[in-house]
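What follows is the content of upload_25.cif, which has mmCIF, C-alpha atoms:
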data_coords
loop_
_atom_site.label_atom_id
_atom_site.label_comp_id
_atom_site.auth_asym_id
_atom_site.auth_seq_id
_atom_site.Cartn_x
_atom_site.Cartn_y
_atom_site.Cartn_z
CA MET A 1 -9.20 28.09 -36.00
CA ALA A 2 -7.03 27.47 -32.97
CA THR A 3 -3.42 26.55 -33.64
CA HIS A 4 -1.35 24.07 -31.65
CA GLY A 5 -0.07 25.63 -28.45
CA THR A 6 -2.45 28.60 -28.52
CA ALA A 7 -3.69 29.45 -25.03
CA ARG A 8 -7.43 29.87 -24.62
CA ALA A 9 -9.05 32.64 -22.59
CA LEU A 10 -10.64 30.25 -20.06
CA GLU A 11 -8.01 27.52 -20.24
CA GLY A 12 -7.71 25.81 -16.85
CA VAL A 13 -11.27 26.67 -15.80
CA ARG A 14 -13.33 23.55 -15.03
CA VAL A 15 -17.09 23.92 -15.44
CA LEU A 16 -19.45 21.33 -14.00
CA ASP A 17 -22.45 21.59 -16.33
CA MET A 18 -25.64 20.37 -14.65
CA THR A 19 -27.89 22.04 -17.21
CA HIS A 20 -30.42 20.75 -19.70
CA VAL A 21 -32.62 21.92 -22.58
CA GLN A 22 -31.48 25.39 -23.80
CA SER A 23 -30.88 28.28 -21.38
CA GLY A 24 -28.18 26.49 -19.38
CA PRO A 25 -26.51 24.57 -22.23
CA SER A 26 -26.27 27.76 -24.31
CA ALA A 27 -24.32 29.39 -21.45
CA THR A 28 -21.97 26.49 -20.86
CA GLN A 29 -21.36 26.09 -24.60
CA LEU A 30 -20.17 29.70 -24.75
CA LEU A 31 -17.83 28.99 -21.82
CA ALA A 32 -16.53 25.93 -23.68
CA TRP A 33 -15.94 28.00 -26.82
CA LEU A 34 -13.94 30.44 -24.69
CA GLY A 35 -11.69 27.58 -23.63
CA ALA A 36 -13.19 26.21 -20.41
CA ASP A 37 -13.23 22.46 -19.80
CA VAL A 38 -16.98 21.90 -19.61
CA VAL A 39 -18.04 18.56 -18.14
CA LYS A 40 -21.71 17.93 -18.81
CA LEU A 41 -23.16 15.83 -16.01
CA GLU A 42 -26.24 13.96 -17.19
CA ALA A 43 -28.59 11.47 -15.64
CA PRO A 44 -28.02 7.96 -17.03
CA THR A 45 -30.99 8.60 -19.34
CA GLY A 46 -29.33 11.75 -20.69
CA ASP A 47 -30.41 15.33 -21.37
CA ILE A 48 -34.02 15.18 -22.57
CA THR A 49 -33.14 17.12 -25.72
CA ARG A 50 -31.00 14.24 -27.00
CA SER A 51 -34.29 12.64 -28.08
CA GLN A 52 -36.47 15.71 -28.68
CA LEU A 53 -37.25 16.84 -32.24
CA ARG A 54 -35.19 14.04 -33.73
CA ASP A 55 -34.77 14.04 -37.49
CA LEU A 56 -32.85 10.73 -37.50
CA PRO A 57 -33.89 7.68 -35.43
CA ASP A 58 -31.73 6.78 -32.42
CA VAL A 59 -29.30 9.65 -33.04
CA ASP A 60 -28.83 12.71 -30.84
CA SER A 61 -31.09 15.47 -32.11
CA LEU A 62 -29.90 18.71 -33.66
CA TYR A 63 -31.49 20.39 -30.65
CA PHE A 64 -28.89 18.72 -28.44
CA THR A 65 -25.91 18.74 -30.78
CA MET A 66 -26.18 22.47 -31.55
CA LEU A 67 -26.22 23.45 -27.85
CA ASN A 68 -23.57 21.12 -26.47
CA CYS A 69 -20.51 21.42 -28.68
CA ASN A 70 -17.02 21.38 -27.17
CA LYS A 71 -18.13 19.58 -23.99
CA ARG A 72 -17.36 16.27 -22.30
CA SER A 73 -20.22 14.06 -21.05
CA ILE A 74 -20.46 11.92 -17.93
CA THR A 75 -23.50 10.20 -16.45
CA LEU A 76 -24.39 10.06 -12.77
CA ASN A 77 -27.49 9.29 -10.71
CA THR A 78 -27.21 11.96 -8.04
CA LYS A 79 -30.12 10.46 -6.08
CA THR A 80 -27.97 7.54 -4.91
CA ALA A 81 -25.60 7.68 -1.94
CA ARG A 82 -22.55 6.86 -4.06
CA GLY A 83 -23.70 9.34 -6.68
CA LYS A 84 -23.80 12.09 -4.05
CA GLU A 85 -20.26 11.20 -2.95
CA ILE A 86 -19.00 11.42 -6.52
CA LEU A 87 -20.86 14.68 -7.10
CA THR A 88 -19.18 16.08 -3.99
CA GLU A 89 -15.79 15.26 -5.47
CA LEU A 90 -16.73 16.79 -8.82
CA ILE A 91 -17.79 20.00 -7.07
CA ARG A 92 -14.52 20.05 -5.14
CA ARG A 93 -12.56 19.89 -8.41
CA SER A 94 -14.60 22.50 -10.32
CA ASP A 95 -14.29 26.25 -10.70
CA VAL A 96 -17.85 26.79 -11.86
CA LEU A 97 -21.11 24.90 -11.39
CA VAL A 98 -24.05 25.81 -13.62
CA GLU A 99 -27.60 24.47 -13.21
CA ASN A 100 -31.05 25.32 -14.51
CA PHE A 101 -33.27 22.87 -12.65
CA GLY A 102 -36.57 23.98 -11.16
CA PRO A 103 -36.40 26.12 -8.02
CA GLY A 104 -35.02 24.16 -5.06
CA ALA A 105 -34.11 21.03 -7.03
CA VAL A 106 -30.39 21.14 -6.25
CA ASP A 107 -31.17 21.90 -2.60
CA ARG A 108 -33.35 18.79 -2.46
CA MET A 109 -30.41 16.76 -3.82
CA GLY A 110 -28.63 17.73 -0.62
CA PHE A 111 -26.50 20.47 -2.16
CA PRO A 112 -27.74 23.91 -1.12
CA TRP A 113 -25.39 26.85 -1.68
CA GLU A 114 -24.13 26.62 1.91
CA ARG A 115 -23.09 22.98 1.37
CA ILE A 116 -21.55 23.69 -2.04
CA ARG A 117 -19.56 26.61 -0.62
CA GLU A 118 -18.40 24.36 2.23
CA ILE A 119 -17.15 21.75 -0.25
CA ASN A 120 -15.39 24.32 -2.41
CA PRO A 121 -15.14 27.92 -1.14
CA ARG A 122 -13.74 29.09 -4.51
CA ILE A 123 -16.55 27.77 -6.68
CA VAL A 124 -18.81 30.06 -8.71
CA TYR A 125 -22.29 28.58 -8.51
CA ALA A 126 -24.58 29.88 -11.27
CA SER A 127 -28.31 29.21 -11.40
CA ILE A 128 -30.70 30.03 -14.22
CA LYS A 129 -34.34 30.18 -13.23
CA GLY A 130 -37.52 31.42 -14.84
CA PHE A 131 -38.17 34.17 -12.34
CA GLY A 132 -36.64 35.97 -9.40
CA ASP A 133 -37.89 35.85 -5.83
CA GLY A 134 -41.55 36.77 -5.55
CA PRO A 135 -45.01 35.62 -6.61
CA TYR A 136 -43.76 34.11 -9.90
CA THR A 137 -40.92 32.05 -8.39
CA GLY A 138 -42.70 28.71 -8.61
CA LEU A 139 -44.03 29.14 -12.15
CA LYS A 140 -42.66 26.93 -14.89
CA ALA A 141 -40.72 28.97 -17.42
CA TYR A 142 -40.36 28.33 -21.12
CA GLU A 143 -38.93 30.50 -23.87
CA VAL A 144 -42.17 32.19 -24.85
CA VAL A 145 -43.42 32.41 -21.25
CA ALA A 146 -40.33 34.51 -20.51
CA GLN A 147 -41.03 36.64 -23.59
CA ALA A 148 -44.62 37.09 -22.42
CA MET A 149 -43.66 38.18 -18.92
CA GLY A 150 -40.56 40.19 -19.79
CA GLY A 151 -42.16 42.79 -22.04
CA SER A 152 -41.31 41.34 -25.44
CA MET A 153 -44.64 39.92 -26.62
CA ALA A 154 -46.69 42.97 -25.62
CA THR A 155 -44.52 45.15 -27.86
CA THR A 156 -44.05 42.73 -30.78
CA GLY A 157 -46.49 42.46 -33.67
CA PHE A 158 -48.77 44.82 -35.54
CA GLU A 159 -51.10 47.35 -33.99
CA ASP A 160 -54.28 45.50 -34.92
CA GLY A 161 -52.96 42.02 -34.16
CA PRO A 162 -52.31 39.86 -31.10
CA PRO A 163 -49.09 39.83 -29.07
CA MET A 164 -46.35 37.99 -30.96
CA ALA A 165 -43.33 35.92 -29.98
CA THR A 166 -40.01 36.63 -31.63
CA GLY A 167 -38.16 33.81 -33.37
CA ALA A 168 -34.96 34.80 -31.60
CA GLN A 169 -34.60 32.78 -28.41
CA ILE A 170 -34.20 35.77 -26.16
CA GLY A 171 -35.72 33.94 -23.19
CA ASP A 172 -33.47 30.88 -23.29
CA SER A 173 -30.24 31.67 -25.13
CA GLY A 174 -30.56 35.36 -24.25
CA THR A 175 -30.56 34.37 -20.58
CA GLY A 176 -27.58 32.11 -21.22
CA VAL A 177 -25.54 35.08 -22.44
CA HIS A 178 -26.47 37.03 -19.30
CA ALA A 179 -25.40 34.06 -17.18
CA VAL A 180 -22.01 33.95 -18.91
CA ALA A 181 -21.50 37.63 -18.09
CA GLY A 182 -22.23 36.94 -14.42
CA ILE A 183 -19.96 33.89 -14.31
CA LEU A 184 -17.04 35.72 -15.90
CA ALA A 185 -17.49 38.65 -13.50
CA ALA A 186 -17.49 36.27 -10.52
CA LEU A 187 -14.35 34.51 -11.78
CA TYR A 188 -12.64 37.87 -12.17
CA GLN A 189 -13.64 38.96 -8.68
CA ARG A 190 -12.36 35.66 -7.29
CA GLU A 191 -8.89 36.66 -8.46
CA HIS A 192 -9.04 39.49 -5.91
CA THR A 193 -11.00 37.88 -3.07
CA GLY A 194 -10.11 34.20 -3.39
CA ARG A 195 -13.81 33.40 -2.89
CA GLY A 196 -16.47 32.07 -5.17
CA GLN A 197 -20.04 33.35 -5.11
CA ARG A 198 -23.60 32.75 -6.24
CA VAL A 199 -24.74 33.97 -9.65
CA ASN A 200 -28.49 34.10 -10.21
CA VAL A 201 -30.09 34.94 -13.55
CA ALA A 202 -33.82 34.82 -14.26
CA MET A 203 -35.26 34.44 -17.75
CA GLN A 204 -37.90 37.10 -17.14
CA HIS A 205 -35.20 39.52 -16.01
CA ALA A 206 -33.01 38.84 -19.04
CA VAL A 207 -35.90 39.46 -21.46
CA LEU A 208 -36.78 42.65 -19.58
CA ASN A 209 -33.19 43.85 -19.93
CA LEU A 210 -33.42 43.27 -23.68
CA CYS A 211 -36.69 45.24 -23.75
CA ARG A 212 -35.07 48.29 -22.16
CA VAL A 213 -36.03 50.70 -24.97
CA LYS A 214 -39.70 49.80 -24.60
CA ILE A 215 -39.53 50.63 -20.90
CA ARG A 216 -37.95 53.93 -21.99
CA ASP A 217 -40.90 54.57 -24.28
CA GLN A 218 -43.43 53.65 -21.60
CA GLN A 219 -42.13 56.59 -19.57
CA ARG A 220 -42.01 58.91 -22.60
CA LEU A 221 -45.73 58.26 -23.11
CA ALA A 222 -46.45 60.38 -20.04
CA ASN A 223 -45.50 63.40 -22.14
CA GLY A 224 -47.60 62.56 -25.17
CA PRO A 225 -47.70 60.27 -28.22
CA LEU A 226 -44.50 58.75 -29.57
CA ALA A 227 -43.88 60.56 -32.86
CA GLU A 228 -41.35 57.95 -34.04
CA TYR A 229 -44.05 55.25 -34.00
CA PRO A 230 -46.37 54.90 -37.03
CA ASN A 231 -49.42 54.27 -34.82
CA ASP A 232 -52.42 56.56 -35.08
CA ASP A 233 -53.68 56.07 -31.54
CA PHE A 234 -51.85 55.88 -28.22
CA GLY A 235 -53.23 54.72 -24.93
CA ASP A 236 -51.32 54.42 -21.68
CA GLU A 237 -49.12 51.49 -22.83
CA VAL A 238 -46.42 51.20 -25.47
CA PRO A 239 -48.24 49.87 -28.54
CA ARG A 240 -47.21 47.19 -30.97
CA SER A 241 -45.78 49.00 -33.98
CA GLY A 242 -45.06 46.34 -36.58
CA ASN A 243 -41.62 46.70 -38.14
CA ALA A 244 -41.06 50.29 -37.05
CA SER A 245 -37.69 50.91 -35.45
CA GLY A 246 -39.25 53.11 -32.78
CA GLY A 247 -35.92 54.92 -32.53
CA GLY A 248 -34.55 58.27 -33.63
CA GLN A 249 -34.19 57.09 -37.22
CA PRO A 250 -37.40 55.64 -38.74
CA GLY A 251 -37.19 52.27 -40.46
CA TRP A 252 -39.46 49.72 -42.10
CA ALA A 253 -39.34 46.45 -44.04
CA VAL A 254 -40.35 47.18 -47.63
CA LYS A 255 -41.42 44.62 -50.22
CA CYS A 256 -39.19 43.61 -53.12
CA ALA A 257 -39.69 41.55 -56.27
CA PRO A 258 -40.80 38.86 -56.90
CA GLY A 259 -42.85 39.12 -53.70
CA GLY A 260 -41.88 35.98 -51.79
CA PRO A 261 -42.24 35.69 -47.99
CA ASN A 262 -38.72 37.02 -47.39
CA ASP A 263 -38.39 39.35 -50.36
CA TYR A 264 -37.99 42.43 -48.19
CA VAL A 265 -35.29 44.95 -47.34
CA TYR A 266 -35.26 46.85 -44.08
CA VAL A 267 -34.57 50.52 -44.79
CA ILE A 268 -33.54 53.25 -42.34
CA VAL A 269 -34.26 56.83 -43.40
CA GLN A 270 -31.65 59.14 -41.90
CA PRO A 271 -31.87 62.91 -42.49
CA ALA A 272 -28.89 62.79 -44.85
CA GLY A 273 -30.35 59.85 -46.74
CA TRP A 274 -33.63 61.42 -47.77
CA GLY A 275 -32.20 63.27 -50.76
CA PRO A 276 -30.50 60.19 -52.27
CA ILE A 277 -33.65 58.14 -51.65
CA THR A 278 -35.80 60.63 -53.56
CA GLU A 279 -33.43 60.32 -56.51
CA LEU A 280 -33.80 56.53 -56.47
CA LEU A 281 -37.56 56.94 -56.35
CA GLY A 282 -37.47 59.22 -59.37
CA ARG A 283 -39.02 61.94 -57.19
CA PRO A 284 -36.06 64.33 -56.55
CA GLU A 285 -38.46 67.24 -56.00
CA LEU A 286 -39.45 65.71 -52.64
CA ALA A 287 -35.99 66.50 -51.26
CA ALA A 288 -36.83 70.21 -51.23
CA ASP A 289 -40.62 69.97 -50.73
CA PRO A 290 -41.47 71.54 -47.33
CA GLU A 291 -43.98 68.71 -46.82
CA TRP A 292 -41.16 66.12 -46.99
CA ALA A 293 -37.80 67.86 -46.66
CA THR A 294 -37.21 67.55 -42.91
CA PRO A 295 -37.49 64.67 -40.40
CA GLU A 296 -40.12 66.70 -38.52
CA ALA A 297 -42.21 67.00 -41.69
CA ARG A 298 -41.91 63.29 -42.47
CA LEU A 299 -42.68 61.93 -38.99
CA PRO A 300 -46.47 62.42 -39.18
CA LYS A 301 -46.62 60.46 -42.44
CA LEU A 302 -44.14 57.62 -42.02
CA GLY A 303 -46.61 55.17 -43.54
CA LYS A 304 -46.90 57.24 -46.72
CA MET A 305 -43.11 57.70 -46.85
CA PHE A 306 -42.42 53.98 -46.76
CA GLN A 307 -45.26 53.37 -49.22
CA LEU A 308 -43.43 55.62 -51.70
CA ILE A 309 -40.20 53.72 -51.10
CA GLU A 310 -41.98 50.38 -51.48
CA GLU A 311 -43.45 51.40 -54.84
CA TRP A 312 -39.85 51.52 -56.05
CA THR A 313 -38.40 48.52 -54.16
CA SER A 314 -41.26 46.22 -55.20
CA THR A 315 -40.03 46.40 -58.80
CA LEU A 316 -36.54 45.07 -57.95
CA PRO A 317 -35.04 41.97 -56.30
CA LYS A 318 -33.87 42.62 -52.75
CA TRP A 319 -30.19 42.22 -53.69
CA ASP A 320 -30.52 44.95 -56.33
CA VAL A 321 -32.25 47.18 -53.78
CA LEU A 322 -29.43 46.50 -51.34
CA ASP A 323 -26.77 47.44 -53.92
CA ARG A 324 -28.49 50.67 -54.94
CA LEU A 325 -29.17 51.83 -51.38
CA THR A 326 -25.73 50.98 -50.00
CA ALA A 327 -24.10 52.71 -52.97
CA ARG A 328 -25.70 55.88 -51.59
CA ASP A 329 -24.74 55.13 -47.98
CA ILE A 330 -28.30 54.43 -46.90
CA PRO A 331 -28.55 51.97 -43.95
CA CYS A 332 -30.45 48.87 -44.97
CA GLY A 333 -30.39 45.11 -44.86
CA PRO A 334 -32.15 42.32 -46.75
CA ILE A 335 -34.39 39.99 -44.79
CA LEU A 336 -32.39 36.76 -44.84
CA SER A 337 -34.28 33.49 -44.54
CA THR A 338 -32.83 30.60 -42.56
CA LYS A 339 -32.02 28.89 -45.88
CA GLU A 340 -30.15 31.96 -47.10
CA ILE A 341 -28.23 32.27 -43.84
CA LEU A 342 -27.01 28.67 -44.04
CA ALA A 343 -25.85 29.31 -47.61
CA ASP A 344 -24.19 32.65 -46.86
CA ALA A 345 -20.51 32.37 -47.78
CA SER A 346 -19.52 35.36 -45.65
CA LEU A 347 -20.98 33.79 -42.51
CA ALA A 348 -19.14 30.55 -43.26
CA ALA A 349 -15.89 32.43 -43.84
CA ASP A 350 -16.33 34.23 -40.52
CA GLY A 351 -16.91 30.99 -38.61
CA MET A 352 -20.56 31.70 -37.86
CA VAL A 353 -22.00 28.89 -40.00
CA VAL A 354 -19.91 25.81 -39.29
CA GLU A 355 -19.99 22.22 -40.47
CA VAL A 356 -19.14 19.66 -37.79
CA GLU A 357 -18.50 15.93 -38.05
CA HIS A 358 -20.45 13.67 -35.68
CA PRO A 359 -19.74 9.93 -35.30
CA GLU A 360 -23.42 8.93 -35.52
CA ARG A 361 -25.06 11.80 -37.33
CA GLY A 362 -22.41 12.51 -39.93
CA THR A 363 -21.94 16.16 -40.89
CA PHE A 364 -24.27 18.73 -39.40
CA THR A 365 -24.33 22.50 -39.60
CA THR A 366 -24.33 24.65 -36.50
CA VAL A 367 -23.85 28.25 -35.40
CA GLY A 368 -20.32 29.23 -34.46
CA SER A 369 -19.12 31.44 -31.65
CA PRO A 370 -20.27 35.07 -31.94
CA ILE A 371 -17.47 36.12 -29.57
CA LYS A 372 -14.17 36.64 -31.38
CA LEU A 373 -11.00 37.03 -29.31
CA SER A 374 -7.74 37.79 -31.11
CA ASP A 375 -5.61 35.72 -28.71
CA SER A 376 -8.14 32.97 -28.04
CA PRO A 377 -9.46 31.57 -31.33
CA THR A 378 -12.30 29.08 -31.24
CA THR A 379 -12.63 25.67 -32.85
CA ILE A 380 -16.14 24.21 -32.91
CA ASP A 381 -16.00 20.56 -31.87
CA ARG A 382 -18.90 18.14 -31.85
CA SER A 383 -21.20 17.46 -28.93
CA PRO A 384 -20.36 14.40 -26.80
CA LEU A 385 -22.18 11.09 -26.88
CA LEU A 386 -23.99 10.19 -23.67
CA GLY A 387 -21.44 9.20 -21.03
CA GLU A 388 -18.64 9.26 -23.59
CA HIS A 389 -16.10 10.51 -21.05
CA ASN A 390 -17.09 8.41 -18.03
CA SER A 391 -13.89 6.40 -18.01
CA GLN A 392 -11.71 9.39 -18.85
CA ILE A 393 -13.03 11.46 -15.95
CA TYR A 394 -14.03 8.89 -13.34
CA ALA A 395 -10.99 6.65 -13.75
CA GLY A 396 -8.40 9.00 -15.23
CA GLU A 397 -9.17 12.07 -13.11
CA LEU A 398 -11.10 10.97 -10.02
CA GLY A 399 -9.14 7.72 -9.67
CA LEU A 400 -12.11 5.35 -9.48
CA ASP A 401 -11.29 1.70 -10.10
CA GLU A 402 -12.53 0.35 -13.45
CA ASN A 403 -14.25 -2.52 -11.64
CA GLU A 404 -16.19 -0.02 -9.52
CA ILE A 405 -17.13 1.96 -12.61
CA ARG A 406 -18.53 -1.19 -14.22
CA ARG A 407 -20.42 -2.08 -11.01
CA LEU A 408 -21.81 1.43 -10.64
CA THR A 409 -22.90 1.36 -14.28
CA THR A 410 -24.67 -1.96 -13.75
CA ASP A 411 -26.34 -0.62 -10.61
CA GLY A 412 -27.62 2.49 -12.44
CA VAL A 413 -25.40 4.94 -10.57
CA MET A 414 -23.69 5.91 -13.84
#
Just dump the structure as structure tokens.
Amino acid sequence: MATHGTARALEGVRVLDMTHVQSGPSATQLLAWLGADVVKLEAPTGDITRSQLRDLPDVDSLYFTMLNCNKRSITLNTKTARGKEILTELIRRSDVLVENFGPGAVDRMGFPWERIREINPRIVYASIKGFGDGPYTGLKAYEVVAQAMGGSMATTGFEDGPPMATGAQIGDSGTGVHAVAGILAALYQREHTGRGQRVNVAMQHAVLNLCRVKIRDQQRLANGPLAEYPNDDFGDEVPRSGNASGGGQPGWAVKCAPGGPNDYVYVIVQPAGWGPITELLGRPELAADPEWATPEARLPKLGKMFQLIEEWTSTLPKWDVLDRLTARDIPCGPILSTKEILADASLAADGMVVEVEHPERGTFTTVGSPIKLSDSPTTIDRSPLLGEHNSQIYAGELGLDENEIRRLTTDGVM
């Protein structure tokens, strides 16, 4: 938790957050956690996710609250003449502008990059889009569309099944992390040049970057089958390989007692770990058996190897399996359900599962900052109510008269 007087890494950086849904808000929330003053600019109707997937009537959804912590909210109709004037002033006062509208939307508002740079030559203008320049530019992008077109779905799932999406939001929040990296790099470069710049991140590109090892394996296929994969047949594309690690050290999710949907432990079999594993299996003779003793001998029969391990693990609860494997320095991890993660005391102690008070919702649980800086600790604050900081920012910082604010609110400008 931050202490009084502690400087934050991005203290003094003003971010104008013109994002919505997930990819953009996930990026600006990370910037807020790092200490930036993030001002979320919303239409008078608000970010659409305030009302999506609601679990309580007339209260901001968990979708919104978990992606917009530590921000301030103002409302503005940027289609009006006065709204454009106010937006111009907000741009002038900001260090970073982030948006994830459809291609060309900000340009059509009257704020292309050339105009934004003219207003504020030092601003870093970051855009998150579905795709880069090319034939896909105009396509609508969603989380799983990005997974489909970035290489993830084709390589996820089992060999005899259809392409599968991953539950991790690598298309949306994964792109947000990439955008943060670009924004921070641009801010750092500005210290040397005095100039801002454009930052462009595409969801398809971010997913592709996260699928780098599969692109590696696509090229390895030219020299023959991939021995580290459990698949029997190989064509000219990287196959889906279930829970196989596909890396230098084979791994698999093995069943545990009592056989529930998440009663599994993922086990990695390193060369040094094979002997201890055979002892746990009650088959110590396999450690010296030429048919099993070396990684090269085991590779052709990975399925049988993990079947032997599973015959042992299926008799024990996953936590017992974890204890016995880790006691022998064997890499492994239990499959944790979402329920187990929320109840995990270690994650709470490390600030990764956090309870936050909200004036309308009450207490809700969210995910804390995964980035830990020794000199810039993070406190997770609640998400803002719609337009909660209109008076604070428009009157207190931009100097608008309270009468004008009331008139603009009545007229639908705010």
Best match for closeness to A:Gly368 among A:Ala222, A:Leu67, A:Val254, A:Leu41, counting only C-alpha atoms: A:Leu67
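With atom CA of A:Ser245 on one side and atom CA of A:Asp263 on the other, the separation reads 18.9 Å.
Closest approach to A:Asp95 from the set A:Ser26, A:Gln197, A:Ser337, A:Gln219 is made by A:Gln197, with distances taken over all atoms listed in the file.
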Given the PyMOL selection byres ((chain A and resi 378-387) around 8), the residues it picks as a compact mmCIF listing (two decimals) with C-alpha atoms, in the coordinates of the input:
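Printed below is selection26.txt as written:
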# COMPACT_ATOMS: atom_id res chain seq x y z
CA MET A 1 -9.20 28.09 -36.00
CA ALA A 2 -7.03 27.47 -32.97
CA TRP A 33 -15.94 28.00 -26.82
CA LEU A 34 -13.94 30.44 -24.69
CA GLY A 35 -11.69 27.58 -23.63
CA GLU A 42 -26.24 13.96 -17.19
CA PRO A 44 -28.02 7.96 -17.03
CA GLY A 46 -29.33 11.75 -20.69
CA ASP A 60 -28.83 12.71 -30.84
CA PHE A 64 -28.89 18.72 -28.44
CA THR A 65 -25.91 18.74 -30.78
CA MET A 66 -26.18 22.47 -31.55
CA LEU A 67 -26.22 23.45 -27.85
CA ASN A 68 -23.57 21.12 -26.47
CA CYS A 69 -20.51 21.42 -28.68
CA ASN A 70 -17.02 21.38 -27.17
CA LYS A 71 -18.13 19.58 -23.99
CA ARG A 72 -17.36 16.27 -22.30
CA SER A 73 -20.22 14.06 -21.05
CA ILE A 74 -20.46 11.92 -17.93
CA THR A 75 -23.50 10.20 -16.45
CA VAL A 354 -19.91 25.81 -39.29
CA VAL A 356 -19.14 19.66 -37.79
CA GLU A 357 -18.50 15.93 -38.05
CA HIS A 358 -20.45 13.67 -35.68
CA GLY A 368 -20.32 29.23 -34.46
CA SER A 369 -19.12 31.44 -31.65
CA LYS A 372 -14.17 36.64 -31.38
CA SER A 376 -8.14 32.97 -28.04
CA PRO A 377 -9.46 31.57 -31.33
CA GLU A 388 -18.64 9.26 -23.59
CA HIS A 389 -16.10 10.51 -21.05
CA ASN A 390 -17.09 8.41 -18.03
Two-atom distance - atom CA of A:Tyr63, atom CA of A:Gln22 (Å): 8.5 Å
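When you apply the PyMOL selection byres ((chain A and resi 11-18) around 6) to this structure, what comes back is A:Arg8, A:Ala9, A:Leu10, A:Thr19, A:Gly35, A:Ala36, A:Asp37, A:Val38, A:Val39, A:Lys40, A:Leu41, A:Ser94, A:Asp95, A:Val96, A:Leu97, A:Val98, A:Glu99.
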Using only C-alpha atoms, what residues lie at most 8 Å away from (-36.5, 42.3, -47.9) (file coordinates), given as an mmCIF file with C-alpha atoms, in the coordinates of the input?
data_model
loop_
_atom_site.group_PDB
_atom_site.id
_atom_site.type_symbol
_atom_site.label_atom_id
_atom_site.label_comp_id
_atom_site.auth_asym_id
_atom_site.auth_seq_id
_atom_site.Cartn_x
_atom_site.Cartn_y
_atom_site.Cartn_z
ATOM 1 C CA ALA A 253 -39.340 46.450 -44.040
ATOM 2 C CA VAL A 254 -40.350 47.180 -47.630
ATOM 3 C CA LYS A 255 -41.420 44.620 -50.220
ATOM 4 C CA CYS A 256 -39.190 43.610 -53.120
ATOM 5 C CA ASN A 262 -38.720 37.020 -47.390
ATOM 6 C CA ASP A 263 -38.390 39.350 -50.360
ATOM 7 C CA TYR A 264 -37.990 42.430 -48.190
ATOM 8 C CA VAL A 265 -35.290 44.950 -47.340
ATOM 9 C CA TYR A 266 -35.260 46.850 -44.080
ATOM 10 C CA LYS A 318 -33.870 42.620 -52.750
ATOM 11 C CA GLY A 333 -30.390 45.110 -44.860
ATOM 12 C CA PRO A 334 -32.150 42.320 -46.750
ATOM 13 C CA ILE A 335 -34.390 39.990 -44.790
ATOM 14 C CA LEU A 336 -32.390 36.760 -44.840
#
Can you list what the PyMOL selection byres ((chain A and resi 136-147) around 10) grabs from this structure, as a tab-separated table (two decimals) with C-alpha atoms, keeping the file's coordinate frame?
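Generated file (expr-v9.tsv):
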chain	number	residue	atom	x	y	z
A	22	GLN	CA	-31.48	25.39	-23.80
A	23	SER	CA	-30.88	28.28	-21.38
A	102	GLY	CA	-36.57	23.98	-11.16
A	103	PRO	CA	-36.40	26.12	-8.02
A	104	GLY	CA	-35.02	24.16	-5.06
A	129	LYS	CA	-34.34	30.18	-13.23
A	130	GLY	CA	-37.52	31.42	-14.84
A	131	PHE	CA	-38.17	34.17	-12.34
A	132	GLY	CA	-36.64	35.97	-9.40
A	133	ASP	CA	-37.89	35.85	-5.83
A	134	GLY	CA	-41.55	36.77	-5.55
A	135	PRO	CA	-45.01	35.62	-6.61
A	148	ALA	CA	-44.62	37.09	-22.42
A	149	MET	CA	-43.66	38.18	-18.92
A	150	GLY	CA	-40.56	40.19	-19.79
A	151	GLY	CA	-42.16	42.79	-22.04
A	152	SER	CA	-41.31	41.34	-25.44
A	153	MET	CA	-44.64	39.92	-26.62
A	154	ALA	CA	-46.69	42.97	-25.62
A	156	THR	CA	-44.05	42.73	-30.78
A	164	MET	CA	-46.35	37.99	-30.96
A	165	ALA	CA	-43.33	35.92	-29.98
A	166	THR	CA	-40.01	36.63	-31.63
A	167	GLY	CA	-38.16	33.81	-33.37
A	168	ALA	CA	-34.96	34.80	-31.60
A	169	GLN	CA	-34.60	32.78	-28.41
A	170	ILE	CA	-34.20	35.77	-26.16
A	171	GLY	CA	-35.72	33.94	-23.19
A	172	ASP	CA	-33.47	30.88	-23.29
A	173	SER	CA	-30.24	31.67	-25.13
A	174	GLY	CA	-30.56	35.36	-24.25
A	175	THR	CA	-30.56	34.37	-20.58
A	202	ALA	CA	-33.82	34.82	-14.26
A	203	MET	CA	-35.26	34.44	-17.75
A	204	GLN	CA	-37.90	37.10	-17.14
A	205	HIS	CA	-35.20	39.52	-16.01
A	206	ALA	CA	-33.01	38.84	-19.04
A	207	VAL	CA	-35.90	39.46	-21.46
A	208	LEU	CA	-36.78	42.65	-19.58
A	211	CYS	CA	-36.69	45.24	-23.75
Quick one: residues within 8 Å of A:Trp252, all atoms listed in the file, excluding same-chain residues fewer than 3 positions away - as a ChimeraX atom specification? /A:243-245,266-268,306
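Put simply, atom CA of A:Pro271 is 24.5 Å away from atom CA of A:Asn223.
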Find the residues around A:Asp160 up to 10 Å (only C-alpha atoms counted), leave out those fewer than 4 positions away in its own chain, and share them as a compact mmCIF listing (two decimals) with C-alpha atoms, in the frame of the given file.
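Output file selection-v9.txt is given in full below:
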# COMPACT_ATOMS: atom_id res chain seq x y z
CA PRO A 239 -48.24 49.87 -28.54
CA ARG A 240 -47.21 47.19 -30.97
CA SER A 241 -45.78 49.00 -33.98
CA GLY A 242 -45.06 46.34 -36.58
Within 9 Å of A:Gly83 using all atoms listed in the file, minus same-chain residues under 6 positions, as a PyMOL selection string: chain A and resi 76-77+413-414
Export C-alpha atoms of the chosen residues as a short mmCIF file (atom, residue, chain, number, x, y, z; two decimals), keeping the file's coordinate frame?
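New file selection.cif:
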data_model
loop_
_atom_site.label_atom_id
_atom_site.label_comp_id
_atom_site.auth_asym_id
_atom_site.auth_seq_id
_atom_site.Cartn_x
_atom_site.Cartn_y
_atom_site.Cartn_z
CA LEU A 76 -24.39 10.06 -12.77
CA ASN A 77 -27.49 9.29 -10.71
CA VAL A 413 -25.40 4.94 -10.57
CA MET A 414 -23.69 5.91 -13.84
#
